[in-house]
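Data block for model13.cif (mmCIF, C-alpha atoms):
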```cif
data_work
loop_
_atom_site.label_atom_id
_atom_site.label_comp_id
_atom_site.auth_asym_id
_atom_site.auth_seq_id
_atom_site.Cartn_x
_atom_site.Cartn_y
_atom_site.Cartn_z
CA MET A 1 100.89 -137.09 -100.98
CA ASP A 2 104.08 -136.39 -99.04
CA ARG A 3 103.23 -132.98 -97.61
CA THR A 4 106.86 -132.13 -96.80
CA PHE A 5 108.03 -132.49 -100.41
CA LYS A 6 105.02 -130.45 -101.50
CA ALA A 7 105.85 -127.77 -98.91
CA LEU A 8 109.51 -127.61 -99.98
CA SER A 9 108.40 -127.34 -103.60
CA LEU A 10 106.37 -124.27 -102.67
CA VAL A 11 109.16 -122.74 -100.59
CA LEU A 12 111.49 -122.88 -103.61
CA SER A 13 108.88 -121.49 -106.03
CA TYR A 14 108.65 -117.92 -107.28
CA PRO A 15 107.06 -115.77 -104.55
CA THR A 16 103.44 -114.73 -104.96
CA ALA A 17 100.86 -113.21 -102.63
CA GLU A 18 99.08 -116.58 -102.54
CA LEU A 19 102.29 -118.29 -101.50
CA GLN A 20 102.76 -115.72 -98.74
CA ASP A 21 99.28 -116.51 -97.45
CA ALA A 22 100.13 -120.22 -97.39
CA MET A 23 103.41 -119.81 -95.49
CA PRO A 24 101.96 -120.28 -91.97
CA ASP A 25 100.58 -123.66 -93.06
CA ILE A 26 103.88 -124.52 -94.76
CA ALA A 27 105.74 -123.63 -91.56
CA GLU A 28 103.48 -125.97 -89.62
CA ILE A 29 104.03 -128.86 -92.05
CA LEU A 30 107.82 -128.50 -92.10
CA GLY A 31 108.00 -127.94 -88.37
CA ALA A 32 106.11 -131.15 -87.64
CA ASP A 33 108.09 -133.60 -89.81
CA PRO A 34 110.25 -135.79 -87.51
CA ARG A 35 112.39 -136.86 -90.50
CA ILE A 36 114.01 -133.41 -90.38
CA PRO A 37 116.29 -132.56 -87.43
CA LEU A 38 114.70 -130.27 -84.85
CA SER A 39 117.27 -127.51 -85.36
CA LEU A 40 116.61 -127.47 -89.10
CA ARG A 41 112.85 -127.51 -88.56
CA THR A 42 113.27 -124.39 -86.46
CA VAL A 43 115.24 -122.70 -89.25
CA LEU A 44 112.56 -123.61 -91.81
CA ARG A 45 109.74 -122.32 -89.60
CA GLN A 46 111.56 -119.04 -89.05
CA PHE A 47 112.16 -118.64 -92.78
CA ALA A 48 108.49 -119.33 -93.58
CA HIS A 49 107.26 -116.82 -91.00
CA ARG A 50 109.63 -114.12 -92.31
CA PHE A 51 108.49 -114.90 -95.85
CA ALA A 52 104.86 -114.39 -94.82
CA LYS A 53 105.60 -110.91 -93.45
CA ASP A 54 108.11 -109.53 -95.99
CA ASP A 55 107.20 -107.16 -98.79
CA ILE A 56 106.20 -109.23 -101.83
CA VAL A 57 108.21 -107.07 -104.25
CA ASP A 58 111.33 -107.49 -102.14
CA LEU A 59 110.78 -111.25 -102.03
CA GLN A 60 110.42 -111.44 -105.79
CA GLU A 61 113.50 -109.30 -106.43
CA ARG A 62 115.62 -111.45 -104.09
CA TYR A 63 114.37 -114.63 -105.77
CA VAL A 64 115.19 -113.34 -109.25
CA MET A 65 118.67 -112.20 -108.23
CA LEU A 66 119.42 -115.56 -106.65
CA PHE A 67 117.94 -118.12 -108.99
CA ASP A 68 117.32 -116.34 -112.31
CA ARG A 69 120.40 -114.14 -112.57
CA SER A 70 122.94 -116.36 -110.90
CA ARG A 71 123.95 -119.24 -113.16
CA THR A 72 125.52 -121.33 -110.41
CA LEU A 73 122.28 -121.18 -108.40
CA SER A 74 120.02 -122.37 -111.21
CA LEU A 75 117.10 -124.48 -109.95
CA ASN A 76 116.86 -126.14 -113.39
CA LEU A 77 118.82 -129.29 -112.62
CA PHE A 78 119.75 -130.38 -116.14
CA GLU A 79 121.55 -127.09 -116.70
CA HIS A 80 124.20 -128.36 -114.30
CA ILE A 81 124.80 -131.31 -116.64
CA HIS A 82 123.94 -130.31 -120.20
CA GLY A 83 124.01 -126.51 -120.11
CA GLU A 84 121.96 -125.20 -123.04
CA SER A 85 122.95 -128.07 -125.35
CA ARG A 86 120.70 -130.25 -127.51
CA GLU A 87 121.18 -133.15 -125.10
CA ARG A 88 119.22 -131.22 -122.53
CA GLY A 89 116.23 -131.08 -124.88
CA GLY A 90 116.08 -134.87 -125.16
CA ALA A 91 116.40 -135.22 -121.39
CA MET A 92 113.51 -132.79 -120.94
CA VAL A 93 111.22 -134.79 -123.20
CA SER A 94 112.09 -138.00 -121.35
CA LEU A 95 111.45 -136.36 -118.00
CA ILE A 96 108.01 -135.14 -119.11
CA GLU A 97 107.19 -138.68 -120.24
CA THR A 98 108.27 -139.99 -116.83
CA TYR A 99 105.99 -137.52 -115.07
CA ARG A 100 103.08 -138.57 -117.26
CA ALA A 101 103.80 -142.25 -116.71
CA GLY A 102 103.54 -141.52 -112.98
CA GLY A 103 100.16 -139.89 -113.48
CA VAL A 104 101.42 -136.30 -113.16
CA GLU A 105 100.90 -133.61 -115.79
CA PRO A 106 103.00 -130.58 -114.78
CA ALA A 107 100.72 -127.53 -114.89
CA THR A 108 103.37 -124.84 -114.85
CA SER A 109 105.29 -122.51 -117.13
CA GLU A 110 108.54 -123.75 -115.59
CA LEU A 111 110.74 -126.31 -117.32
CA PRO A 112 110.30 -129.94 -116.22
CA ASP A 113 113.77 -130.08 -114.64
CA HIS A 114 112.95 -127.12 -112.38
CA LEU A 115 113.54 -128.32 -108.82
CA PRO A 116 110.09 -127.27 -107.47
CA VAL A 117 108.46 -129.19 -110.35
CA LEU A 118 110.51 -132.30 -109.57
CA LEU A 119 109.60 -132.00 -105.88
CA GLU A 120 105.93 -131.77 -106.82
CA PHE A 121 106.35 -135.08 -108.65
CA LEU A 122 108.29 -136.65 -105.77
CA SER A 123 105.49 -135.73 -103.39
CA THR A 124 103.36 -138.31 -105.24
CA ARG A 125 105.95 -141.12 -105.18
CA PRO A 126 106.83 -143.65 -102.46
CA LEU A 127 109.48 -142.32 -100.07
CA PRO A 128 112.22 -144.83 -101.04
CA GLU A 129 111.86 -143.82 -104.70
CA ALA A 130 111.95 -140.12 -103.81
CA GLN A 131 115.04 -140.66 -101.69
CA GLU A 132 116.87 -142.46 -104.50
CA ILE A 133 116.15 -139.61 -106.90
CA LEU A 134 117.31 -136.97 -104.42
CA ALA A 135 120.43 -139.00 -103.63
CA ASP A 136 121.36 -139.01 -107.33
CA ALA A 137 121.24 -135.20 -107.33
CA ALA A 138 122.79 -134.78 -103.86
CA HIS A 139 125.94 -133.02 -105.05
CA ILE A 140 123.89 -130.44 -106.97
CA LEU A 141 121.62 -129.87 -103.99
CA ASP A 142 124.61 -129.55 -101.67
CA ALA A 143 126.37 -127.13 -104.02
CA LEU A 144 123.22 -124.99 -104.13
CA ARG A 145 122.99 -125.12 -100.33
CA ALA A 146 126.63 -124.07 -99.89
CA ARG A 147 126.28 -121.15 -102.32
CA LEU A 148 123.11 -119.98 -100.61
CA VAL A 149 124.89 -120.10 -97.26
CA ARG A 150 127.66 -117.91 -98.74
CA ARG A 151 125.00 -115.38 -99.71
CA GLU A 152 123.35 -115.64 -96.28
CA SER A 153 120.07 -116.70 -97.87
CA GLY A 154 117.32 -118.38 -95.88
CA TYR A 155 116.64 -120.62 -98.88
CA ALA A 156 119.68 -122.66 -97.79
CA GLY A 157 117.49 -124.35 -95.18
CA ALA A 158 115.22 -125.85 -97.83
CA LEU A 159 118.21 -127.38 -99.64
CA ALA A 160 119.60 -128.69 -96.34
CA ALA A 161 116.24 -130.35 -95.64
CA LEU A 162 116.23 -132.03 -99.05
CA LEU A 163 119.74 -133.36 -98.48
CA HIS A 164 118.71 -134.76 -95.12
CA LEU A 165 115.58 -136.36 -96.59
CA SER A 166 117.68 -138.01 -99.31
CA GLY A 167 119.50 -140.00 -96.65
CA SER A 168 122.74 -139.87 -98.67
CA PRO A 169 125.64 -137.42 -98.51
CA ALA A 170 126.93 -135.81 -101.69
CA ASP A 171 130.02 -137.27 -103.34
CA ALA A 172 132.84 -135.13 -101.95
CA ASP A 173 134.93 -134.99 -105.12
CA THR A 174 132.02 -134.07 -107.37
CA LEU A 175 130.80 -131.48 -104.88
CA ALA A 176 134.26 -129.94 -104.72
CA GLU A 177 134.37 -129.77 -108.52
CA MET A 178 131.06 -127.92 -108.60
CA LEU A 179 132.02 -125.50 -105.84
CA ALA A 180 135.28 -124.73 -107.64
CA LEU A 181 133.24 -122.97 -110.33
CA PRO A 182 133.32 -119.21 -109.63
CA ASP A 183 130.10 -117.61 -108.47
CA ASP A 184 128.81 -115.26 -111.12
CA ASP A 185 127.77 -111.65 -110.65
CA PRO A 186 123.98 -111.29 -111.13
CA THR A 187 124.42 -107.55 -111.71
CA ASP A 188 126.69 -108.08 -114.74
CA LEU A 189 123.98 -107.86 -117.39
CA ALA A 190 126.42 -107.89 -120.31
CA ALA A 191 127.81 -111.25 -119.18
CA LEU A 192 124.31 -112.64 -118.74
CA ASP A 193 123.30 -111.59 -122.25
CA ALA A 194 126.44 -113.22 -123.64
CA VAL A 195 125.47 -116.53 -122.04
CA TRP A 196 122.02 -116.42 -123.65
CA GLU A 197 123.58 -115.80 -127.07
CA GLU A 198 125.91 -118.81 -126.88
CA THR A 199 123.56 -121.75 -127.44
CA GLU A 200 119.93 -122.41 -128.20
CA VAL A 201 118.05 -125.13 -126.33
CA THR A 202 116.19 -127.51 -128.63
CA PHE A 203 113.25 -129.48 -127.23
CA GLY A 204 112.86 -132.09 -129.93
CA PRO A 205 111.96 -135.77 -129.71
CA ASP A 206 114.23 -137.85 -127.55
CA PRO A 207 116.67 -139.50 -129.96
CA ASN A 208 116.96 -142.49 -127.62
CA GLY A 209 113.21 -142.96 -127.28
CA GLY A 210 111.62 -144.73 -124.37
CA CYS A 211 110.62 -143.39 -120.98
CA PRO A 212 113.48 -143.75 -118.49
CA GLN A 213 112.93 -143.40 -114.78
CA VAL A 214 113.70 -140.01 -113.26
CA ARG A 215 116.58 -141.47 -111.26
CA ASP A 216 118.16 -142.78 -114.47
CA LEU A 217 118.12 -139.24 -115.86
CA LEU A 218 119.57 -137.78 -112.68
CA ALA A 219 122.13 -140.53 -112.31
CA ALA A 220 124.20 -138.84 -115.01
CA MET A 221 124.73 -135.84 -112.72
CA ASP A 222 128.29 -136.78 -111.78
CA SER A 223 130.03 -134.65 -114.42
CA PRO A 224 128.88 -131.11 -113.66
CA ALA A 225 129.15 -128.50 -116.36
CA ALA A 226 129.26 -124.75 -115.94
CA PRO A 227 125.53 -123.96 -115.71
CA PRO A 228 123.90 -121.22 -117.76
CA LEU A 229 120.95 -119.11 -116.74
CA ASN A 230 117.63 -120.69 -115.92
CA ARG A 231 115.32 -118.11 -117.52
CA ARG A 232 115.10 -114.49 -118.61
CA THR A 233 113.38 -112.08 -116.29
#
```
Using the file provided, produce a representation of the structure as structure tokens.
Amino acid sequence: MDRTFKALSLVLSYPTAELQDAMPDIAEILGADPRIPLSLRTVLRQFAHRFAKDDIVDLQERYVMLFDRSRTLSLNLFEHIHGESRERGGAMVSLIETYRAGGVEPATSELPDHLPVLLEFLSTRPLPEAQEILADAAHILDALRARLVRRESGYAGALAALLHLSGSPADADTLAEMLALPDDDPTDLAALDAVWEETEVTFGPDPNGGCPQVRDLLAAMDSPAAPPLNRRT
């Protein structure tokens, strides 16, 4: 298992007391990986140590406001392509089949396109394969990183590490298109409810059948759509 991808998966997961307890070990793993620049390793260690000491309720509230109530910061990757359309349902089914073909059965309540779930899968794959998959989603990862920097969030370091590990920069034009979307206001509950009422996600059988590779699913991520919410809280 690639311990760095596993550690980054945990960093980007919903905060729990158990995760807080694990943060010193996570800091050690991330701080020791020579694939990540020293300056970024320092940032990641500092974030992990702060995480371990912060109040758990505060951590959870910050996470929800960032990733659950801010549409443009959704960690569910297919939302940045398909929104809440039917096409996303077929992509979900195919992604689950890909995980299973790789010997991984996601044991989580999160959707299969949730970034921490994907990173859990990538931690079991050869590094070149993991890098190709991350490179296909580089513009989404970079857009998330830039928006987190705007909000002065320590989570930006985890996205920066993923971009570095991918070994490929984001396409500048596609990134600019994504960043041109206005950041939404997570405190505007009426607007959030309106988004949920627009379209229902359908998780039916994949109309195209088969079991495509993860990178084939992510390769379509060059036409970003305005992303909806990732889940109710």
| said: Which residues would end up in the selection if the PyMOL selection byres ((chain A and resi 18-23) around 8) were applied here, given that I need the answer as a ChimeraX atom specification? | reply: /A:10,15-17,24-27,48-49,51-53,56
| task | State, in Å with one decimal place, the distance from CA of Val43 in chain A to CA of Arg125 in chain A. | result |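 Atom-to-atom, CA of Val43 in chain A and CA of Arg125 in chain A are spaced 26.1 Å apart.
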| Looking at only C-alpha atoms, which of A:Ser39, A:Ser153, A:Ser123, A:Ser166 is the one that sits closest to Arg3 in chain A? |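 Closest residue, counting only C-alpha atoms: A:Ser123.
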Could you build a table of the residues in range 22-123 of chain A lying no more than 10 Å from range 141-149 of chain A, giving for each the nearest pair of atoms and their separation in Å rounded to one decimal place, using all atoms listed in the file, ordered by chain and ascending residue number, as a tab-separated table?
```
residue	atom	partner	partner_atom	distance
A:Leu66	CA	A:Leu148	CA	8.3
A:Phe67	CA	A:Leu144	CA	9.9
A:Thr72	CA	A:Leu144	CA	7.6
A:Leu73	CA	A:Leu144	CA	5.8
A:Ser74	CA	A:Leu144	CA	8.2
A:Leu75	CA	A:Leu144	CA	8.5
A:Leu77	CA	A:Leu141	CA	9.1
A:Leu115	CA	A:Leu141	CA	9.5
```
Expected file: the selected residues, C-alpha atoms, as a PDB file, keeping the file's coordinate frame:
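To be explicit, this is the file written out as again-v4.pdb:
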```pdb
ATOM      1  CA  LEU A  66     119.420-115.560-106.650  1.00  0.00           C
ATOM      2  CA  PHE A  67     117.940-118.120-108.990  1.00  0.00           C
ATOM      3  CA  THR A  72     125.520-121.330-110.410  1.00  0.00           C
ATOM      4  CA  LEU A  73     122.280-121.180-108.400  1.00  0.00           C
ATOM      5  CA  SER A  74     120.020-122.370-111.210  1.00  0.00           C
ATOM      6  CA  LEU A  75     117.100-124.480-109.950  1.00  0.00           C
ATOM      7  CA  LEU A  77     118.820-129.290-112.620  1.00  0.00           C
ATOM      8  CA  LEU A 115     113.540-128.320-108.820  1.00  0.00           C
TER       9      LEU A 115
END
```
| Do you know which residues the PyMOL selection byres ((chain A and resi 9) around 10) returns on this file, as number ranges by chain? | A: 3-8, 10-13, 114-123, 158
